[in-house]
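Raw structure.cif, mmCIF, C-alpha atoms:
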data_target
#
loop_
_atom_site.label_atom_id
_atom_site.label_comp_id
_atom_site.auth_asym_id
_atom_site.auth_seq_id
_atom_site.Cartn_x
_atom_site.Cartn_y
_atom_site.Cartn_z
CA MET A 20 119.79 106.65 107.32
CA LYS A 21 118.76 105.18 103.99
CA ALA A 22 116.12 106.92 101.93
CA TYR A 23 115.04 107.65 98.37
CA GLU A 24 114.69 111.08 96.83
CA LEU A 25 112.77 112.05 93.73
CA GLN A 26 115.53 114.17 92.20
CA HIS A 27 113.94 114.82 88.81
CA THR A 28 110.48 114.23 87.36
CA THR A 29 111.48 112.54 84.12
CA GLY A 30 110.46 109.00 85.07
CA ILE A 31 110.97 106.18 87.51
CA ASP A 32 114.77 106.58 87.48
CA GLY A 33 114.18 109.90 89.23
CA TRP A 34 113.91 107.87 92.45
CA VAL A 35 117.52 107.92 93.68
CA PRO A 36 118.85 106.07 96.78
CA VAL A 37 120.50 108.51 99.20
CA ASP A 38 121.95 108.67 102.70
CA LYS A 39 120.42 111.37 104.88
CA PRO A 40 120.89 112.41 108.52
CA ARG A 41 118.43 110.83 110.91
CA PRO A 42 115.86 113.56 111.69
CA GLN A 43 114.92 114.74 115.16
CA PRO A 44 111.31 115.52 116.14
CA GLY A 45 110.42 119.13 116.81
CA PRO A 46 107.52 120.43 118.91
CA GLY A 47 104.32 118.55 118.11
CA GLN A 48 106.14 115.93 116.04
CA ALA A 49 106.90 112.23 116.37
CA LEU A 50 109.86 110.38 114.91
CA VAL A 51 108.64 107.19 113.22
CA ARG A 52 110.81 104.24 112.23
CA ILE A 53 109.18 103.26 108.95
CA HIS A 54 108.72 99.50 108.48
CA ALA A 55 106.77 99.46 105.21
CA VAL A 56 105.34 101.76 102.56
CA SER A 57 102.83 101.20 99.77
CA LEU A 58 102.45 102.63 96.29
CA ASN A 59 99.63 104.62 94.77
CA TYR A 60 99.15 105.61 91.12
CA ARG A 61 99.90 109.15 92.28
CA ASP A 62 103.50 108.12 93.02
CA LEU A 63 103.96 107.06 89.41
CA ILE A 64 102.59 110.23 87.84
CA ILE A 65 104.59 112.38 90.29
CA ALA A 66 107.76 110.61 89.14
CA LYS A 67 106.78 111.25 85.52
CA GLY A 68 106.16 114.95 86.13
CA THR A 69 102.44 114.92 85.30
CA TYR A 70 101.16 115.67 88.80
CA PRO A 71 100.82 119.34 89.80
CA GLY A 72 102.53 120.98 92.75
CA THR A 73 105.49 118.64 93.24
CA ARG A 74 108.86 120.07 94.20
CA THR A 75 112.22 118.32 93.90
CA PRO A 76 114.26 116.93 95.45
CA ILE A 77 111.74 115.28 97.76
CA VAL A 78 111.33 111.95 99.56
CA PRO A 79 108.48 110.21 97.68
CA ILE A 80 105.42 108.18 98.75
CA SER A 81 102.55 109.19 101.04
CA ASP A 82 101.63 105.81 102.56
CA GLY A 83 103.58 104.01 105.24
CA ALA A 84 103.50 102.43 108.68
CA GLY A 85 105.98 102.16 111.48
CA GLU A 86 106.80 102.57 115.15
CA VAL A 87 107.13 105.78 117.14
CA VAL A 88 110.71 105.94 118.47
CA ALA A 89 110.79 109.51 119.85
CA VAL A 90 108.43 112.45 120.37
CA GLY A 91 108.93 116.18 120.49
CA SER A 92 107.76 118.61 123.13
CA GLY A 93 104.02 118.91 123.72
CA VAL A 94 103.15 115.52 122.22
CA THR A 95 100.61 113.52 124.22
CA ARG A 96 98.44 111.62 121.74
CA VAL A 97 101.17 109.16 120.73
CA LYS A 98 104.04 107.68 122.69
CA VAL A 99 107.21 105.72 122.05
CA GLY A 100 106.36 102.18 120.99
CA ASN A 101 103.02 103.01 119.33
CA ARG A 102 102.39 101.40 115.94
CA VAL A 103 101.16 104.10 113.59
CA ALA A 104 100.37 105.12 110.03
CA PRO A 105 100.56 108.76 108.89
CA THR A 106 97.56 110.46 107.38
CA PHE A 107 97.88 111.55 103.75
CA PHE A 108 97.12 115.15 104.76
CA GLN A 109 98.98 115.77 107.99
CA VAL A 110 96.79 118.66 109.17
CA TRP A 111 93.33 117.39 108.12
CA THR A 112 92.32 115.79 111.41
CA ASP A 113 88.55 116.18 111.18
CA GLY A 114 85.74 118.26 109.72
CA GLU A 115 85.17 119.26 106.13
CA ARG A 116 87.88 119.48 103.52
CA THR A 117 89.31 122.99 103.11
CA PRO A 118 92.12 124.33 100.91
CA GLU A 119 94.26 124.86 104.00
CA LYS A 120 93.82 121.27 105.20
CA VAL A 121 94.82 119.75 101.87
CA ALA A 122 97.55 122.21 100.89
CA HIS A 123 100.43 119.89 101.78
CA ALA A 124 100.23 116.17 101.02
CA LEU A 125 102.98 113.71 101.92
CA GLY A 126 105.26 112.76 99.05
CA GLY A 127 104.21 115.71 96.92
CA GLY A 128 103.95 119.06 98.65
CA VAL A 129 105.97 117.87 101.65
CA PRO A 130 108.51 115.03 102.07
CA GLY A 131 107.08 111.53 102.06
CA VAL A 132 107.88 108.27 103.82
CA LEU A 133 110.27 106.25 101.63
CA ALA A 134 112.98 106.45 104.30
CA GLU A 135 114.07 104.58 107.40
CA TYR A 136 113.03 107.42 109.73
CA VAL A 137 110.50 110.21 109.20
CA CYS A 138 109.36 113.11 111.40
CA LEU A 139 105.59 113.54 111.22
CA ASP A 140 102.93 115.64 112.91
CA ALA A 141 101.75 113.73 115.96
CA ASP A 142 98.17 114.84 115.20
CA GLY A 143 98.60 113.35 111.72
CA LEU A 144 99.13 109.78 112.93
CA ALA A 145 96.55 107.01 113.22
CA LEU A 146 97.14 104.19 115.71
CA LEU A 147 97.25 100.77 114.06
CA PRO A 148 95.42 97.85 115.70
CA ASP A 149 97.53 94.81 116.59
CA TRP A 150 95.75 92.59 114.05
CA LEU A 151 97.29 94.54 111.16
CA THR A 152 100.91 94.00 110.18
CA TYR A 153 103.07 96.97 109.24
CA GLU A 154 102.80 95.91 105.58
CA GLU A 155 99.00 95.85 105.84
CA GLY A 156 98.86 99.13 107.74
CA ALA A 157 101.02 100.80 105.11
CA THR A 158 98.34 100.20 102.45
CA LEU A 159 95.67 102.27 104.20
CA PRO A 160 96.38 106.04 104.30
CA CYS A 161 95.51 106.99 100.72
CA ALA A 162 93.65 104.25 98.84
CA ALA A 163 91.64 102.83 101.74
CA VAL A 164 90.65 106.21 103.20
CA THR A 165 89.69 107.41 99.71
CA ALA A 166 87.41 104.42 99.21
CA TRP A 167 85.92 104.84 102.68
CA ASN A 168 85.29 108.57 102.19
CA ALA A 169 83.70 107.96 98.79
CA LEU A 170 81.32 105.32 100.10
CA VAL A 171 80.47 106.46 103.61
CA PRO A 172 81.01 110.15 104.53
CA GLN A 173 80.32 111.38 100.99
CA GLY A 174 78.26 108.53 99.59
CA GLY A 175 76.07 107.64 102.57
CA LEU A 176 76.18 103.98 101.54
CA LYS A 177 73.26 101.90 102.80
CA PRO A 178 72.86 98.12 103.09
CA GLY A 179 71.35 96.62 99.96
CA GLN A 180 72.66 99.30 97.61
CA THR A 181 74.89 98.52 94.64
CA VAL A 182 78.43 99.83 94.14
CA LEU A 183 80.37 99.85 90.85
CA ALA A 184 84.12 99.54 91.46
CA GLN A 185 86.30 100.14 88.41
CA GLY A 186 89.38 97.99 88.02
CA THR A 187 91.35 96.06 90.62
CA GLY A 188 93.79 98.61 92.00
CA GLY A 189 93.95 99.65 95.63
CA VAL A 190 90.98 102.02 95.81
CA SER A 191 88.62 99.68 93.97
CA ILE A 192 89.53 96.58 95.99
CA PHE A 193 89.14 98.50 99.26
CA ALA A 194 85.77 99.73 97.99
CA LEU A 195 84.77 96.12 97.31
CA GLN A 196 85.79 95.08 100.82
CA PHE A 197 84.13 98.02 102.58
CA ALA A 198 80.92 97.72 100.59
CA ARG A 199 80.65 94.05 101.56
CA ILE A 200 81.30 94.89 105.23
CA LEU A 201 78.43 97.39 105.07
CA GLY A 202 76.00 95.02 103.39
CA ALA A 203 76.12 96.39 99.85
CA ARG A 204 76.34 94.57 96.53
CA VAL A 205 79.38 95.14 94.30
CA ILE A 206 79.89 95.05 90.54
CA LEU A 207 83.57 94.90 89.59
CA THR A 208 85.14 95.71 86.23
CA SER A 209 88.51 94.58 84.88
CA SER A 210 90.22 93.72 81.62
CA SER A 211 91.33 90.39 83.14
CA ASP A 212 89.12 87.38 83.81
CA ASP A 213 91.70 86.14 86.31
CA LYS A 214 91.42 89.35 88.31
CA LEU A 215 87.64 89.21 88.13
CA ALA A 216 87.79 85.69 89.56
CA LYS A 217 89.84 87.03 92.48
CA GLY A 218 87.27 89.78 92.94
CA LYS A 219 84.51 87.19 93.08
CA GLN A 220 86.37 85.43 95.90
CA LEU A 221 86.29 88.73 97.81
CA GLY A 222 82.54 88.99 97.37
CA ALA A 223 81.93 90.80 94.08
CA GLU A 224 78.55 89.63 92.73
CA GLY A 225 78.68 91.25 89.29
CA LEU A 226 81.72 90.83 87.05
CA VAL A 227 82.32 92.78 83.83
CA ASN A 228 85.32 92.42 81.52
CA TYR A 229 85.50 95.82 79.85
CA LYS A 230 88.01 94.58 77.27
CA LYS A 231 85.55 91.97 76.03
CA SER A 232 82.61 94.37 76.45
CA PRO A 233 83.72 97.89 75.44
CA ALA A 234 80.16 99.12 76.10
CA TRP A 235 80.50 97.83 79.65
CA GLU A 236 77.84 100.16 81.01
CA GLN A 237 75.26 98.01 79.21
CA ASP A 238 76.48 94.99 81.18
CA VAL A 239 76.18 96.99 84.40
CA LEU A 240 72.63 98.01 83.52
CA ALA A 241 71.76 94.39 82.76
CA LEU A 242 73.11 93.34 86.17
CA THR A 243 70.85 95.93 87.85
CA ASP A 244 67.66 95.16 85.91
CA GLY A 245 68.11 98.30 83.87
CA LYS A 246 68.10 100.65 86.87
CA GLY A 247 71.82 101.38 87.23
CA VAL A 248 74.02 101.33 90.30
CA ASP A 249 73.67 103.54 93.37
CA HIS A 250 77.37 104.43 93.64
CA VAL A 251 80.31 104.55 91.23
CA LEU A 252 83.96 104.86 92.19
CA GLU A 253 85.17 106.60 89.04
CA VAL A 254 88.91 105.96 88.90
CA GLY A 255 89.32 106.01 85.12
CA GLY A 256 88.91 109.72 84.44
CA ALA A 257 87.64 111.56 81.39
CA ALA A 258 87.53 108.51 79.11
CA THR A 259 85.32 106.41 81.38
CA LEU A 260 83.11 109.04 83.05
CA PRO A 261 80.43 109.16 80.30
CA GLN A 262 79.91 105.41 80.66
CA SER A 263 79.82 105.71 84.43
CA VAL A 264 77.06 108.32 84.11
CA ARG A 265 75.04 105.97 81.91
CA ALA A 266 75.59 103.10 84.38
CA THR A 267 74.28 105.09 87.38
CA ARG A 268 70.66 105.17 88.47
CA GLU A 269 68.56 108.34 88.64
CA GLY A 270 69.69 110.30 91.70
CA GLY A 271 72.79 108.13 92.14
CA HIS A 272 76.26 109.09 93.30
CA ILE A 273 79.56 109.18 91.40
CA ALA A 274 82.81 109.70 93.31
CA LEU A 275 85.44 111.25 91.04
CA ILE A 276 88.73 109.75 92.21
CA GLY A 277 91.25 108.96 89.52
CA LEU A 278 92.70 109.71 86.13
CA LEU A 279 94.01 106.36 84.97
CA THR A 280 93.04 107.18 81.39
CA GLY A 281 95.07 110.38 81.38
CA ALA A 282 92.83 113.23 82.55
CA PRO A 283 90.31 113.85 85.32
CA GLY A 284 86.65 113.50 84.48
CA LYS A 285 84.51 116.60 83.93
CA PRO A 286 80.83 115.68 83.98
CA ASP A 287 78.46 117.03 81.35
CA ASN A 288 75.93 118.97 83.41
CA ALA A 289 73.30 118.45 80.76
CA VAL A 290 73.55 114.67 81.27
CA THR A 291 74.20 114.50 85.01
CA GLY A 292 71.60 117.16 85.71
CA SER A 293 68.87 115.29 83.83
CA LYS A 294 69.56 112.23 86.01
CA GLN A 295 69.97 114.37 89.17
CA LEU A 296 73.27 112.67 89.95
CA ARG A 297 75.55 113.65 92.81
CA VAL A 298 79.02 113.89 91.26
CA VAL A 299 81.58 114.59 93.97
CA SER A 300 85.37 114.92 93.85
CA THR A 301 86.94 112.65 96.47
CA TYR A 302 90.42 113.54 97.68
CA VAL A 303 91.46 111.01 100.34
CA GLY A 304 90.11 112.10 103.74
CA SER A 305 90.76 113.11 107.34
CA ARG A 306 92.31 111.32 110.32
CA GLU A 307 88.83 111.00 111.77
CA MET A 308 87.72 109.11 108.63
CA PHE A 309 90.83 106.90 108.90
CA GLU A 310 89.93 106.02 112.49
CA ASP A 311 86.25 105.39 111.66
CA MET A 312 87.38 103.09 108.85
CA LEU A 313 89.62 101.09 111.20
CA ARG A 314 86.69 100.64 113.60
CA ALA A 315 84.53 99.34 110.74
CA MET A 316 87.27 96.87 109.76
CA ALA A 317 87.76 95.62 113.32
CA PRO A 318 84.79 93.22 113.83
CA GLN A 319 85.86 90.99 110.93
CA LYS A 320 89.55 91.97 111.16
CA THR A 321 89.39 92.86 107.48
CA LYS A 322 92.79 92.46 105.85
CA PRO A 323 94.00 94.63 102.95
CA VAL A 324 94.79 92.75 99.75
CA ILE A 325 98.53 92.88 99.06
CA ASP A 326 99.67 91.77 95.64
CA ARG A 327 103.43 91.78 96.24
CA VAL A 328 106.06 93.02 98.71
CA PHE A 329 109.36 94.37 97.32
CA PRO A 330 112.57 94.88 99.33
CA PHE A 331 113.74 98.45 99.91
CA ASP A 332 116.55 98.25 97.37
CA GLN A 333 114.02 97.33 94.67
CA ALA A 334 111.76 100.36 95.17
CA ARG A 335 112.10 101.42 91.53
CA GLU A 336 111.21 97.90 90.41
CA ALA A 337 108.08 98.15 92.54
CA LEU A 338 107.10 101.37 90.76
CA ARG A 339 107.74 99.73 87.38
CA TYR A 340 105.48 96.87 88.44
CA MET A 341 102.74 99.39 89.21
CA GLU A 342 103.28 100.93 85.78
CA SER A 343 102.74 97.51 84.18
CA GLY A 344 99.23 97.31 85.62
CA GLY A 345 99.64 93.66 86.54
CA HIS A 346 98.80 94.05 90.22
CA PHE A 347 95.62 93.11 92.09
CA GLY A 348 95.33 95.20 95.23
CA LYS A 349 98.31 96.96 96.78
CA ILE A 350 102.06 96.97 96.10
CA VAL A 351 104.21 97.25 99.22
CA ILE A 352 107.90 98.03 99.83
CA SER A 353 109.48 96.70 102.99
CA VAL A 354 111.81 99.23 104.65
#
Spit out the file's structure as structure tokens when you get a sec.
Amino acid sequence: MKAYELQHTTGIDGWVPVDKPRPQPGPGQALVRIHAVSLNYRDLIIAKGTYPGTRTPIVPISDGAGEVVAVGSGVTRVKVGNRVAPTFFQVWTDGERTPEKVAHALGGGVPGVLAEYVCLDADGLALLPDWLTYEEGATLPCAAVTAWNALVPQGGLKPGQTVLAQGTGGVSIFALQFARILGARVILTSSSDDKLAKGKQLGAEGLVNYKKSPAWEQDVLALTDGKGVDHVLEVGGAATLPQSVRATREGGHIALIGLLTGAPGKPDNAVTGSKQLRVVSTYVGSREMFEDMLRAMAPQKTKPVIDRVFPFDQAREALRYMESGGHFGKIVISV
């Protein structure tokens, strides 16, 4: 079968096309014919060697969707023909996050899904509804579940509250969509007026161009009558966290998610404590969260926003496109 391996962590060219034997499912596993995968910023920094815990060679990418074509002994929760997407953490099915449940993530600690066939834990598969295509389903395991976990299980989002979504990558656009489903107001930031216009079409009510307004937290405060937002999805990292703190209301919630500016954010307890903020690290989520998210999407048949779909033989070009930062929403590779 065709696949890619990350053979060295010196950059995008470390993704190398290879031929591998078609795997066979063991006890408790399902063999999935992968139809599509999607990229996350994590895939880029893994390829560049700046993400901890990655071993090589390894099949990259955590997010995909496909069809079950065989099952191993003892498997009852999925069957041949089911349309599925793997969970980011194969053994975190429900409950609270523990070190054991998040020890092995697809495409980093264990082989990922950029291959024609992949053996996965049957308990680590979510069933896809028929109103989602494989390309759409492939966008969900990491970015969508992260946004859902940040807003709902961790954030306790309520109708009428205000969410600040930073940028227009996968997590932030899913956060915009989920917040609107749940009756919340969204303020979106971007360095591009064109992307902000697209965000407005998705329901963003407040739009802030942080390139034109470097002190963008002041714009956010103005849009909330000086009070600040209830929730922030902090995807920037250390460089943007101080502004996020200033943009959040007393007693508000900040979900620490990303490190787009180079390093994870570390809140100043003197500042966050004086505002009594809840600052929580969000690391994707469980299968149960994935399934709850799909149920919330079902009434309106909410569709993920896909920027572009690349063919399998252009996987490295897809990763370069992510590196350029030109995308709005998710980047998908058809397998």
Radius query 9 Å about (106.4, 117.5, 101.6), atoms used: all atoms listed in the file, as number ranges by chain: A: 73-74, 77-79, 123-131
Contacts of Gly304 of chain A within 8 Å, only C-alpha atoms, excl. fewer than 4 positions in-chain, as a VMD selection string: chain A and resid 107 to 108 111 116 164 to 165 168 308 to 309
Taking all atoms of segment 236-252 of chain A that the file lists, what box with edges along x, y and z, padded by 4 Å per side, do you get, with centre and edge lengths in Å to one decimal, as JSON?
{"center_x": 75.8, "center_y": 99.1, "center_z": 86.4, "size_x": 24.3, "size_y": 19.5, "size_z": 22.4}
Would you write out, as CSV, a table of all residues in segment 91-189 of chain A that have an atom no more than 9 Å from an atom of segment 206-214 of chain A, listing for each the closest atom pair and the distance in Å to one decimal, considering all atoms listed in the file and ordering rows by chain and rising residue number?
residue,atom,partner,partner_atom,distance
A:Thr181,CA,A:Ile206,CA,7.3
A:Val182,CA,A:Ile206,CA,6.2
A:Leu183,CA,A:Ile206,CA,4.8
A:Ala184,CA,A:Leu207,CA,5.0
A:Gln185,CA,A:Thr208,CA,5.1
A:Gly186,CA,A:Ser209,CA,4.7
A:Thr187,CA,A:Ser209,CA,6.6
Radius query 7 Å about (116.4, 115.3, 93.3), atoms used: only C-alpha atoms, as a VMD selection string: chain A and resid 24 to 27 75 to 77
Pro40 of chain A surroundings by only C-alpha atoms, 10 Å radius, close-in-sequence under 4 positions cut, as a PyMOL selection string: chain A and resi 20-22+136
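Using all atoms listed in the file, the residues found no farther than 10 Å from Val90 of chain A, other than those of its own chain fewer than 3 positions away, are A:Gln43, A:Pro44, A:Gly45, A:Pro46, A:Gly47, A:Gln48, A:Ala49, A:Leu50, A:Val51, A:Val87, A:Gly93, A:Val94, A:Thr95, A:Val97, A:Lys98, A:Val99, A:Cys138, A:Leu139, A:Asp140, A:Ala141.
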Distance criterion (all atoms listed in the file): nearest to Val251 of chain A out of A:Pro233, A:Gly271, A:Gly91, A:Gly202: A:Gly271
Best match for closeness to Asp244 of chain A among A:Ala266, A:Val137, A:Ile273, A:Val354, counting only C-alpha atoms: A:Ala266
Using all atoms listed in the file: which of A:Val303, A:Leu144, A:Ile352, A:Ala334 has the shortest distance to Trp34 of chain A: A:Ala334
Counting all atoms listed in the file, the option among A:Gly156, A:Pro172, A:Gly100, A:Gly188 closest to Glu342 of chain A: A:Gly188
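The two atoms in question, atom CA of Ala157 of chain A and atom CA of Pro178 of chain A, are spaced 28.4 Å apart.
In this model, the gap between atom CA of Ala194 of chain A and atom CA of Thr112 of chain A comes to 21.9 Å.
Each of A:Thr301, A:Ser263, A:Thr158, A:Thr69 was compared to Thr106 of chain A using all atoms listed in the file, and A:Thr158 turns out to be the nearest.
Interatomic distance, atom CA of Arg96 of chain A against atom CA of Trp150 of chain A: 20.7 Å.
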Shell around Thr28 of chain A at 8 Å using all atoms listed in the file, local window under 6 positions removed, as a PyMOL selection string: chain A and resi 65-68+75
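Among A:Lys120, A:Arg102, A:His54, A:His272, the residue with the shortest atom-to-atom distance to Leu133 of chain A, counting all atoms listed in the file, is A:His54.
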The PyMOL selection byres ((chain A and resi 226) around 8) resolved against shown file, as a ChimeraX atom specification: /A:206-208,215,219,223-225,227-228
